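Chemist: Take this structure, written in structure tokens, and hold onto it; I'll ask about it next.
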Amino acid sequence: MKQFGIYIHWPFCEFKCPYCDFNSHVEESIDEGRWLAAYLSELNRYANTTSKRTVTSIFFGGGTPSLMGSETLGEIIKAISDRWNLCKNAEITLEANPSSAEKNKFIEFKQNGVTRLSLGVQSLDEDSLLFLGRKHSVLEAKEAAILASEVFDRFSLDVIYGLPGQSPTKWKRELAEIFKLVTTHISAYQLTIEPGTQFYRDKVQTGGEAVEKKMFDYTYDLLEKKNLNAYEISNFAKPGHECLHNCTYWTGDDYLGIGPGSHGRITKSDFNYLGLETYATLGIKSPKKWLENVEEKGSGDLRTSKLKPSERIDELIICGLRMAKGLDTGKFFSQTGISLYDVINKEKLLTFKERGWVKQNKDTLFLTHKGRSFLNYLAVDLLA
Ligand code: SF4
């Protein structure tokens with residue numbers, strides 16, 4: 001079955017982390033009732049054109065959506081199930097921070113429909129937490145992870161590595177500790193310094209390419225030995241515990257983006273047979289303006305644009321190569337009407353195969369472990 005996800009963006013946090021380039025804001029007071037009404041209004045708008053679809057996943061991201069009241073979240077899930085066919089076993093993920101974690105709230109979220117928790121612990125080292133500007137301690141991170149494991153059958157920990165001064169040995173120890181807390185899903189991201197962040201303004205340097213490569217290799221080795229497969233470049237899961245919602249993005253299936261700055265993809269051929277037309281939607285970034293626009297004009301969209309065939313092809317290849325299973329050539333054809341091997345650079349493909357970076361079998365094209373270290377470079381060259 002085709003996946004169809006709904007992403008809900010809650011743009012507020014208790015504090016702004018210095019490395020964060022997400023659309024997250026700190027506000028003294030939030031009128032949750034107004035926000036709920038706006039989310040419901042946007043869901044109504046999208047339901048007008050997509051309600052015949054089956055929703056396979058919902059993802060509450062942010063920001064810190066666990067700051068939202070559990071009843072607000074429950075109302076949103078109910079509105080989705082009233083307007084669409086919500087799959088019986090739909091994956092409903094909520095992102096949470098250890099500092100906003102309390103057992104009662106986790107239980108309430110579960111009672112209101114959440115089936116999976118993604119907990120942003122980021123580190124199990126006090127100095128690293130301090131450097132990352134996090135407000136929780138190692139103990140709080142551990143307690144929150146234990147709570148999450150008691151309440152949810154499916155949960156994940158988010159961690160960051162490649163911090164300045166962090167040695168591969170230190171990361172090894174930390175990763176082993178992390179694995180004691182969660183054995184089914186870990187998202188491990190290398191620290192990147194993004195423009196617009198406090199780290200960027202402070203000219204923070206990451207650990208350096210050679211050290212990061214060692215940590216990347218070590219992360220893969222340890223987690224794969226523990227049967228957590230690197231199903232995506234930064235995501236490791238036991239079979240059956242992969243995040244289906246994120247797989248929807250990487251495999252090029254459709255999703256709605258509801259909330260400030262959120263992205264969506266809607267392929268029109270799926271519901272009114274207009275042909276292979278994929279539309280990219282983008283919400284207004286400012287929470288205040290998004291809310292006012294929804295209330296006054298009935299839409300929080302900044303724009304909806306039809307993707308050019310070349311744009312669609314590029315994103316399918318770049319996203320597909322992030323996944324261990326790679327690009328499904330049959331699916332690629334059904335999404336674009338073009339054969340994958342007609343659009344990628346054949347000479348480069350041959351070179352990368354000879355170097356052991358890329359492999360092909362009957363139906364797929366995928367990167368080897370070695371090739372995954374060069375993902376960005378490889379994808380750009382294959383598209384040249
Ligand atoms: S809690 Fe998450 S979303 Fe909020 S500022 Fe920190 S990293 Fe960004």
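Following the order of the structure tokens, chains are lettered A, B, ..., residues in each are numbered from 1, and ligands are numbered from 1.
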May I have the residues within 8 Å of range 187-194 of chain A as a VMD selection string, using only C-alpha atoms and disregarding those fewer than 3 positions away in the same chain?

Modeler: chain A and resid 19 to 21 156 to 163 197 199 to 200 204 to 206 212 234 to 236

Chemist: Per DSSP on the backbone, what are the strand (DSSP E or B) residues of range 14-142 of chain A, as a list in words?

Modeler: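 Those in range 14-142 of chain A that DSSP calls strand (DSSP E or B) are His25, Thr54, Val55, Thr56, Ser57, Ile58, Phe59, Phe60, Gly61, Gly62, Asn85, Leu86, Cys87, Lys88, Asn89, Ala90, Glu91, Ile92, Thr93, Leu94, Glu95, Ala96, Arg116, Leu117, Ser118, Leu119, Gly120, Val121 and Gln122 of chain A.
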
Chemist: Take the residues just selected and output them with N, CA, C and O atoms as an mmCIF file, in the first residue's frame.

Modeler:
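Full text of again_25.cif as output:
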```cif
data_model
loop_
_atom_site.group_PDB
_atom_site.id
_atom_site.type_symbol
_atom_site.label_atom_id
_atom_site.label_comp_id
_atom_site.auth_asym_id
_atom_site.auth_seq_id
_atom_site.Cartn_x
_atom_site.Cartn_y
_atom_site.Cartn_z
ATOM 1 N N HIS A 25 10.344 28.452 18.102
ATOM 2 C CA HIS A 25 10.313 29.785 18.713
ATOM 3 C C HIS A 25 9.941 29.680 20.189
ATOM 4 O O HIS A 25 9.224 28.767 20.585
ATOM 5 N N THR A 54 -5.944 6.960 2.336
ATOM 6 C CA THR A 54 -5.803 6.302 3.635
ATOM 7 C C THR A 54 -4.551 6.846 4.311
ATOM 8 O O THR A 54 -3.456 6.797 3.737
ATOM 9 N N VAL A 55 -4.718 7.385 5.505
ATOM 10 C CA VAL A 55 -3.583 7.954 6.243
ATOM 11 C C VAL A 55 -2.854 6.828 6.965
ATOM 12 O O VAL A 55 -3.444 6.104 7.771
ATOM 13 N N THR A 56 -1.566 6.689 6.647
ATOM 14 C CA THR A 56 -0.792 5.596 7.256
ATOM 15 C C THR A 56 0.057 6.071 8.431
ATOM 16 O O THR A 56 0.508 5.259 9.235
ATOM 17 N N SER A 57 0.307 7.391 8.499
ATOM 18 C CA SER A 57 1.099 7.886 9.633
ATOM 19 C C SER A 57 0.770 9.347 9.921
ATOM 20 O O SER A 57 0.382 10.104 9.026
ATOM 21 N N ILE A 58 0.929 9.699 11.192
ATOM 22 C CA ILE A 58 0.825 11.102 11.620
ATOM 23 C C ILE A 58 2.096 11.375 12.417
ATOM 24 O O ILE A 58 2.549 10.511 13.187
ATOM 25 N N PHE A 59 2.668 12.547 12.218
ATOM 26 C CA PHE A 59 3.903 12.866 12.944
ATOM 27 C C PHE A 59 3.755 14.261 13.542
ATOM 28 O O PHE A 59 3.551 15.240 12.818
ATOM 29 N N PHE A 60 3.842 14.347 14.866
ATOM 30 C CA PHE A 60 3.833 15.646 15.542
ATOM 31 C C PHE A 60 5.286 16.045 15.781
ATOM 32 O O PHE A 60 5.984 15.427 16.600
ATOM 33 N N GLY A 61 5.741 17.055 15.022
ATOM 34 C CA GLY A 61 7.136 17.487 15.156
ATOM 35 C C GLY A 61 7.205 18.954 15.516
ATOM 36 O O GLY A 61 6.197 19.643 15.656
ATOM 37 N N GLY A 62 8.416 19.448 15.661
ATOM 38 C CA GLY A 62 8.500 20.859 16.043
ATOM 39 C C GLY A 62 9.887 21.418 15.888
ATOM 40 O O GLY A 62 10.666 20.943 15.072
ATOM 41 N N ASN A 85 -9.634 8.123 6.016
ATOM 42 C CA ASN A 85 -9.595 6.769 6.546
ATOM 43 C C ASN A 85 -8.240 6.623 7.241
ATOM 44 O O ASN A 85 -7.204 6.552 6.581
ATOM 45 N N LEU A 86 -8.252 6.625 8.566
ATOM 46 C CA LEU A 86 -6.991 6.489 9.309
ATOM 47 C C LEU A 86 -6.750 5.001 9.525
ATOM 48 O O LEU A 86 -7.545 4.310 10.163
ATOM 49 N N CYS A 87 -5.654 4.531 8.947
ATOM 50 C CA CYS A 87 -5.291 3.112 9.025
ATOM 51 C C CYS A 87 -5.408 2.614 10.473
ATOM 52 O O CYS A 87 -5.013 3.319 11.398
ATOM 53 N N LYS A 88 -5.917 1.416 10.643
ATOM 54 C CA LYS A 88 -6.106 0.878 11.994
ATOM 55 C C LYS A 88 -4.783 0.838 12.767
ATOM 56 O O LYS A 88 -4.727 1.123 13.962
ATOM 57 N N ASN A 89 -3.727 0.468 12.047
ATOM 58 C CA ASN A 89 -2.422 0.390 12.730
ATOM 59 C C ASN A 89 -1.517 1.552 12.326
ATOM 60 O O ASN A 89 -0.299 1.398 12.200
ATOM 61 N N ALA A 90 -2.134 2.729 12.119
ATOM 62 C CA ALA A 90 -1.335 3.906 11.722
ATOM 63 C C ALA A 90 -0.270 4.206 12.777
ATOM 64 O O ALA A 90 -0.514 4.051 13.977
ATOM 65 N N GLU A 91 0.885 4.640 12.293
ATOM 66 C CA GLU A 91 1.958 5.048 13.209
ATOM 67 C C GLU A 91 1.712 6.518 13.571
ATOM 68 O O GLU A 91 1.606 7.364 12.684
ATOM 69 N N ILE A 92 1.619 6.814 14.862
ATOM 70 C CA ILE A 92 1.391 8.208 15.288
ATOM 71 C C ILE A 92 2.526 8.588 16.239
ATOM 72 O O ILE A 92 2.581 8.143 17.383
ATOM 73 N N THR A 93 3.454 9.387 15.711
ATOM 74 C CA THR A 93 4.675 9.712 16.455
ATOM 75 C C THR A 93 4.578 11.096 17.082
ATOM 76 O O THR A 93 4.047 12.029 16.473
ATOM 77 N N LEU A 94 5.135 11.196 18.270
ATOM 78 C CA LEU A 94 5.243 12.491 18.948
ATOM 79 C C LEU A 94 6.705 12.712 19.323
ATOM 80 O O LEU A 94 7.340 11.832 19.913
ATOM 81 N N GLU A 95 7.228 13.896 18.990
ATOM 82 C CA GLU A 95 8.573 14.252 19.456
ATOM 83 C C GLU A 95 8.461 14.839 20.864
ATOM 84 O O GLU A 95 7.530 15.594 21.148
ATOM 85 N N ALA A 96 9.425 14.486 21.708
ATOM 86 C CA ALA A 96 9.397 15.002 23.087
ATOM 87 C C ALA A 96 10.813 15.294 23.554
ATOM 88 O O ALA A 96 11.782 14.744 23.024
ATOM 89 N N ARG A 116 3.963 6.099 19.135
ATOM 90 C CA ARG A 116 5.434 6.058 19.050
ATOM 91 C C ARG A 116 5.984 7.380 19.575
ATOM 92 O O ARG A 116 5.462 8.445 19.234
ATOM 93 N N LEU A 117 7.033 7.288 20.407
ATOM 94 C CA LEU A 117 7.633 8.506 20.959
ATOM 95 C C LEU A 117 9.065 8.645 20.459
ATOM 96 O O LEU A 117 9.815 7.673 20.439
ATOM 97 N N SER A 118 9.418 9.859 20.069
ATOM 98 C CA SER A 118 10.791 10.134 19.642
ATOM 99 C C SER A 118 11.373 11.135 20.636
ATOM 100 O O SER A 118 10.946 12.290 20.691
ATOM 101 N N LEU A 119 12.307 10.670 21.437
ATOM 102 C CA LEU A 119 12.794 11.466 22.567
ATOM 103 C C LEU A 119 14.164 12.075 22.247
ATOM 104 O O LEU A 119 15.126 11.352 21.976
ATOM 105 N N GLY A 120 14.237 13.408 22.303
ATOM 106 C CA GLY A 120 15.490 14.096 21.959
ATOM 107 C C GLY A 120 16.421 14.203 23.151
ATOM 108 O O GLY A 120 16.526 15.268 23.749
ATOM 109 N N VAL A 121 17.114 13.108 23.483
ATOM 110 C CA VAL A 121 18.046 13.189 24.631
ATOM 111 C C VAL A 121 19.347 13.894 24.213
ATOM 112 O O VAL A 121 19.997 14.525 25.008
ATOM 113 N N GLN A 122 19.746 13.719 22.971
ATOM 114 C CA GLN A 122 20.927 14.340 22.324
ATOM 115 C C GLN A 122 22.272 13.873 22.858
ATOM 116 O O GLN A 122 23.210 13.716 22.106
#
```

Chemist: Around ligand 1, at most 8 Å away and counting only C-alpha atoms and all ligand atoms, which residues are there? Put them as a list in words, please.

Modeler: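 Residues lying within 8 Å of ligand 1: Pro11, Phe12, Cys13, Glu14, Phe15, Lys16, Cys17, Pro18, Tyr19, Cys20, Asp21, Phe22, Asn23, Ser24, His25, Gly62, Gly63, Thr64, Asn97, Gly120 and Arg134 of chain A.
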
Chemist: Restricted to N, CA, C and O atoms, what would the selected residues look like written as an mmCIF file, in the first residue's frame?

Modeler:
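File written: selection_1.cif
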```cif
data_model
loop_
_atom_site.group_PDB
_atom_site.id
_atom_site.type_symbol
_atom_site.label_atom_id
_atom_site.label_comp_id
_atom_site.auth_asym_id
_atom_site.auth_seq_id
_atom_site.Cartn_x
_atom_site.Cartn_y
_atom_site.Cartn_z
ATOM 1 N N PRO A 11 5.325 24.885 16.593
ATOM 2 C CA PRO A 11 6.572 25.648 16.430
ATOM 3 C C PRO A 11 7.176 26.212 17.714
ATOM 4 O O PRO A 11 8.027 27.094 17.631
ATOM 5 N N PHE A 12 6.749 25.724 18.868
ATOM 6 C CA PHE A 12 7.214 26.358 20.111
ATOM 7 C C PHE A 12 8.109 25.438 20.942
ATOM 8 O O PHE A 12 7.921 24.221 20.957
ATOM 9 N N CYS A 13 9.061 26.072 21.605
ATOM 10 C CA CYS A 13 9.974 25.362 22.511
ATOM 11 C C CYS A 13 10.110 26.168 23.795
ATOM 12 O O CYS A 13 9.823 27.366 23.817
ATOM 13 N N GLU A 14 10.616 25.506 24.830
ATOM 14 C CA GLU A 14 10.853 26.224 26.091
ATOM 15 C C GLU A 14 12.092 27.109 25.993
ATOM 16 O O GLU A 14 12.264 28.053 26.741
ATOM 17 N N PHE A 15 13.005 26.743 25.081
ATOM 18 C CA PHE A 15 14.261 27.484 24.900
ATOM 19 C C PHE A 15 14.750 27.201 23.488
ATOM 20 O O PHE A 15 14.247 26.282 22.838
ATOM 21 N N LYS A 16 15.688 28.004 23.012
ATOM 22 C CA LYS A 16 16.218 27.771 21.661
ATOM 23 C C LYS A 16 17.627 27.183 21.787
ATOM 24 O O LYS A 16 18.526 27.811 22.361
ATOM 25 N N CYS A 17 17.827 25.994 21.268
ATOM 26 C CA CYS A 17 19.149 25.358 21.333
ATOM 27 C C CYS A 17 20.083 26.040 20.322
ATOM 28 O O CYS A 17 19.648 26.386 19.220
ATOM 29 N N PRO A 18 21.352 26.194 20.672
ATOM 30 C CA PRO A 18 22.252 26.981 19.810
ATOM 31 C C PRO A 18 22.568 26.343 18.459
ATOM 32 O O PRO A 18 23.054 27.021 17.562
ATOM 33 N N TYR A 19 22.296 25.040 18.308
ATOM 34 C CA TYR A 19 22.592 24.364 17.030
ATOM 35 C C TYR A 19 21.347 24.238 16.157
ATOM 36 O O TYR A 19 21.416 23.779 15.021
ATOM 37 N N CYS A 20 20.185 24.667 16.680
ATOM 38 C CA CYS A 20 18.908 24.326 16.035
ATOM 39 C C CYS A 20 18.541 25.281 14.905
ATOM 40 O O CYS A 20 18.455 26.491 15.109
ATOM 41 N N ASP A 21 18.298 24.713 13.724
ATOM 42 C CA ASP A 21 17.815 25.555 12.624
ATOM 43 C C ASP A 21 16.384 25.181 12.239
ATOM 44 O O ASP A 21 15.918 25.505 11.154
ATOM 45 N N PHE A 22 15.694 24.480 13.145
ATOM 46 C CA PHE A 22 14.281 24.184 12.881
ATOM 47 C C PHE A 22 13.456 25.451 13.094
ATOM 48 O O PHE A 22 13.907 26.400 13.745
ATOM 49 N N ASN A 23 12.245 25.414 12.595
ATOM 50 C CA ASN A 23 11.353 26.555 12.773
ATOM 51 C C ASN A 23 10.742 26.480 14.172
ATOM 52 O O ASN A 23 9.606 26.051 14.351
ATOM 53 N N SER A 24 11.551 26.862 15.167
ATOM 54 C CA SER A 24 11.100 26.766 16.562
ATOM 55 C C SER A 24 11.290 28.110 17.254
ATOM 56 O O SER A 24 12.277 28.807 17.015
ATOM 57 N N HIS A 25 10.344 28.452 18.102
ATOM 58 C CA HIS A 25 10.313 29.785 18.713
ATOM 59 C C HIS A 25 9.941 29.680 20.189
ATOM 60 O O HIS A 25 9.224 28.767 20.585
ATOM 61 N N GLY A 62 8.416 19.448 15.661
ATOM 62 C CA GLY A 62 8.500 20.859 16.043
ATOM 63 C C GLY A 62 9.887 21.418 15.888
ATOM 64 O O GLY A 62 10.666 20.943 15.072
ATOM 65 N N GLY A 63 10.128 22.367 16.798
ATOM 66 C CA GLY A 63 9.473 22.677 18.058
ATOM 67 C C GLY A 63 9.448 21.481 19.026
ATOM 68 O O GLY A 63 10.094 20.465 18.818
ATOM 69 N N THR A 64 8.683 21.673 20.058
ATOM 70 C CA THR A 64 8.510 20.616 21.062
ATOM 71 C C THR A 64 7.021 20.327 21.205
ATOM 72 O O THR A 64 6.343 20.916 22.061
ATOM 73 N N ASN A 97 10.903 16.164 24.538
ATOM 74 C CA ASN A 97 12.196 16.461 25.162
ATOM 75 C C ASN A 97 12.210 15.912 26.574
ATOM 76 O O ASN A 97 11.176 15.923 27.242
ATOM 77 N N GLY A 120 14.237 13.408 22.303
ATOM 78 C CA GLY A 120 15.490 14.096 21.959
ATOM 79 C C GLY A 120 16.421 14.203 23.151
ATOM 80 O O GLY A 120 16.526 15.268 23.749
ATOM 81 N N ARG A 134 21.334 22.270 26.152
ATOM 82 C CA ARG A 134 20.146 21.549 26.595
ATOM 83 C C ARG A 134 19.878 21.858 28.064
ATOM 84 O O ARG A 134 20.803 22.128 28.831
#
```

Chemist: Taking only C-alpha atoms into account, name the residue in A:Lys306, A:Lys110, A:Lys142, A:Lys170 that is nearest to Asp127 in chain A.

Modeler: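 Under the stated criterion, the closest residue is A:Lys170.
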
Chemist: Could you give me the residues within range 105-344 of chain A that DSSP places in helix (DSSP H, G or I), as a PyMOL selection string?

Modeler: chain A and resi 105-111+126-131+138-151+168-181+198-201+209-225+244-250+269-272+287-297+309-322+329-336+340-343

Chemist: Quick one: residues within 10 Å of Tyr218 in chain A, only C-alpha atoms, excluding same-chain residues fewer than 2 positions away - as a PyMOL selection string?

Modeler: chain A and resi 168-169+171-172+175+212-216+220-224

Chemist: Based on the selection just made, write N, CA and C atoms of those residues as a PDB file, in the first residue's frame.

Modeler:
```
ATOM      1  N   PRO A 168      36.514   9.827  19.397  1.00  0.00           N
ATOM      2  CA  PRO A 168      35.789   8.605  19.039  1.00  0.00           C
ATOM      3  C   PRO A 168      35.616   7.678  20.244  1.00  0.00           C
ATOM      4  N   THR A 169      36.614   7.640  21.132  1.00  0.00           N
ATOM      5  CA  THR A 169      36.520   6.765  22.310  1.00  0.00           C
ATOM      6  C   THR A 169      35.385   7.216  23.227  1.00  0.00           C
ATOM      7  N   TRP A 171      32.767   8.915  22.341  1.00  0.00           N
ATOM      8  CA  TRP A 171      31.503   8.632  21.648  1.00  0.00           C
ATOM      9  C   TRP A 171      31.135   7.150  21.759  1.00  0.00           C
ATOM     10  N   LYS A 172      32.164   6.282  21.675  1.00  0.00           N
ATOM     11  CA  LYS A 172      31.931   4.837  21.812  1.00  0.00           C
ATOM     12  C   LYS A 172      31.271   4.529  23.145  1.00  0.00           C
ATOM     13  N   LEU A 175      27.702   5.858  23.230  1.00  0.00           N
ATOM     14  CA  LEU A 175      26.786   5.072  22.399  1.00  0.00           C
ATOM     15  C   LEU A 175      26.412   3.758  23.102  1.00  0.00           C
ATOM     16  N   GLU A 212      34.994  12.627  12.533  1.00  0.00           N
ATOM     17  CA  GLU A 212      33.566  12.351  12.298  1.00  0.00           C
ATOM     18  C   GLU A 212      33.386  11.050  11.523  1.00  0.00           C
ATOM     19  N   LYS A 213      34.275  10.804  10.567  1.00  0.00           N
ATOM     20  CA  LYS A 213      34.186   9.574   9.768  1.00  0.00           C
ATOM     21  C   LYS A 213      34.379   8.348  10.676  1.00  0.00           C
ATOM     22  N   LYS A 214      35.346   8.456  11.609  1.00  0.00           N
ATOM     23  CA  LYS A 214      35.567   7.353  12.558  1.00  0.00           C
ATOM     24  C   LYS A 214      34.316   7.098  13.388  1.00  0.00           C
ATOM     25  N   MET A 215      33.711   8.188  13.854  1.00  0.00           N
ATOM     26  CA  MET A 215      32.513   8.050  14.692  1.00  0.00           C
ATOM     27  C   MET A 215      31.356   7.470  13.877  1.00  0.00           C
ATOM     28  N   PHE A 216      31.238   7.918  12.643  1.00  0.00           N
ATOM     29  CA  PHE A 216      30.197   7.421  11.729  1.00  0.00           C
ATOM     30  C   PHE A 216      30.373   5.909  11.549  1.00  0.00           C
ATOM     31  N   TYR A 220      27.880   2.796  12.947  1.00  0.00           N
ATOM     32  CA  TYR A 220      27.338   1.736  12.087  1.00  0.00           C
ATOM     33  C   TYR A 220      27.732   0.360  12.613  1.00  0.00           C
ATOM     34  N   ASP A 221      29.026   0.201  12.928  1.00  0.00           N
ATOM     35  CA  ASP A 221      29.515  -1.118  13.350  1.00  0.00           C
ATOM     36  C   ASP A 221      28.788  -1.584  14.600  1.00  0.00           C
ATOM     37  N   LEU A 222      28.768  -0.701  15.624  1.00  0.00           N
ATOM     38  CA  LEU A 222      28.178  -1.127  16.894  1.00  0.00           C
ATOM     39  C   LEU A 222      26.693  -1.424  16.739  1.00  0.00           C
ATOM     40  N   LEU A 223      25.968  -0.495  16.113  1.00  0.00           N
ATOM     41  CA  LEU A 223      24.517  -0.672  16.070  1.00  0.00           C
ATOM     42  C   LEU A 223      24.123  -1.838  15.167  1.00  0.00           C
ATOM     43  N   GLU A 224      24.867  -2.036  14.091  1.00  0.00           N
ATOM     44  CA  GLU A 224      24.520  -3.171  13.224  1.00  0.00           C
ATOM     45  C   GLU A 224      24.812  -4.491  13.940  1.00  0.00           C
TER      46      GLU A 224
END
```

Chemist: A:Ile284, A:Ile186, A:Ile317, A:Leu256: which is nearest Phe333 in chain A, counting only C-alpha atoms?

Modeler: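 Between A:Ile284, A:Ile186, A:Ile317, A:Leu256, the residue approaching Phe333 in chain A most closely is A:Ile317.
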
Chemist: Within 8 Å of Glu140 in chain A, counting only C-alpha atoms, which residues show up once you throw out same-chain ones fewer than 4 positions away? Write them as a short mmCIF file (atom, residue, chain, number, x, y, z; two decimals) with N, CA, C and O atoms, in the first residue's frame, please.

Modeler:
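Result written to selection-v4.cif:
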```
data_model
loop_
_atom_site.label_atom_id
_atom_site.label_comp_id
_atom_site.auth_asym_id
_atom_site.auth_seq_id
_atom_site.Cartn_x
_atom_site.Cartn_y
_atom_site.Cartn_z
N PRO A 98 13.37 15.49 27.07
CA PRO A 98 13.41 14.97 28.45
C PRO A 98 12.88 15.98 29.46
O PRO A 98 12.23 15.62 30.43
N SER A 99 13.13 17.28 29.21
CA SER A 99 12.69 18.26 30.21
C SER A 99 11.17 18.42 30.24
O SER A 99 10.62 18.93 31.20
N HIS A 136 18.27 19.76 30.18
CA HIS A 136 18.11 18.57 31.02
C HIS A 136 19.48 17.99 31.38
O HIS A 136 20.48 18.25 30.71
N ALA A 144 13.71 9.91 31.54
CA ALA A 144 12.69 10.09 30.49
C ALA A 144 12.69 8.90 29.53
O ALA A 144 11.63 8.43 29.10
#
```

Chemist: List the spatial neighbours of Ile76 in chain A as an mmCIF file with N, CA and C atoms, in the first residue's frame - criterion: any atom at most 8 Å away, only C-alpha atoms, same-chain residues fewer than 4 positions off excluded.

Modeler:
```
data_model
loop_
_atom_site.group_PDB
_atom_site.id
_atom_site.type_symbol
_atom_site.label_atom_id
_atom_site.label_comp_id
_atom_site.auth_asym_id
_atom_site.auth_seq_id
_atom_site.Cartn_x
_atom_site.Cartn_y
_atom_site.Cartn_z
ATOM 1 N N LEU A 36 -5.337 25.127 18.031
ATOM 2 C CA LEU A 36 -6.107 23.928 17.681
ATOM 3 C C LEU A 36 -7.097 24.263 16.559
ATOM 4 N N TYR A 39 -5.257 24.441 13.269
ATOM 5 C CA TYR A 39 -4.887 23.117 12.726
ATOM 6 C C TYR A 39 -6.124 22.439 12.119
ATOM 7 N N LEU A 40 -7.248 22.538 12.830
ATOM 8 C CA LEU A 40 -8.462 21.878 12.321
ATOM 9 C C LEU A 40 -8.914 22.522 11.010
ATOM 10 N N THR A 72 -5.423 18.470 23.216
ATOM 11 C CA THR A 72 -5.287 19.178 21.931
ATOM 12 C C THR A 72 -4.818 18.194 20.870
ATOM 13 N N ILE A 80 -8.444 14.049 12.164
ATOM 14 C CA ILE A 80 -7.886 13.326 11.006
ATOM 15 C C ILE A 80 -8.700 12.055 10.754
#
```

Chemist: Using only C-alpha atoms, pick whichever of A:Lys180, A:Lys331, A:Lys285, A:Lys135 has the shortest atom-to-atom distance to Leu302 in chain A.

Modeler: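 Between A:Lys180, A:Lys331, A:Lys285, A:Lys135, the residue approaching Leu302 in chain A most closely is A:Lys285.
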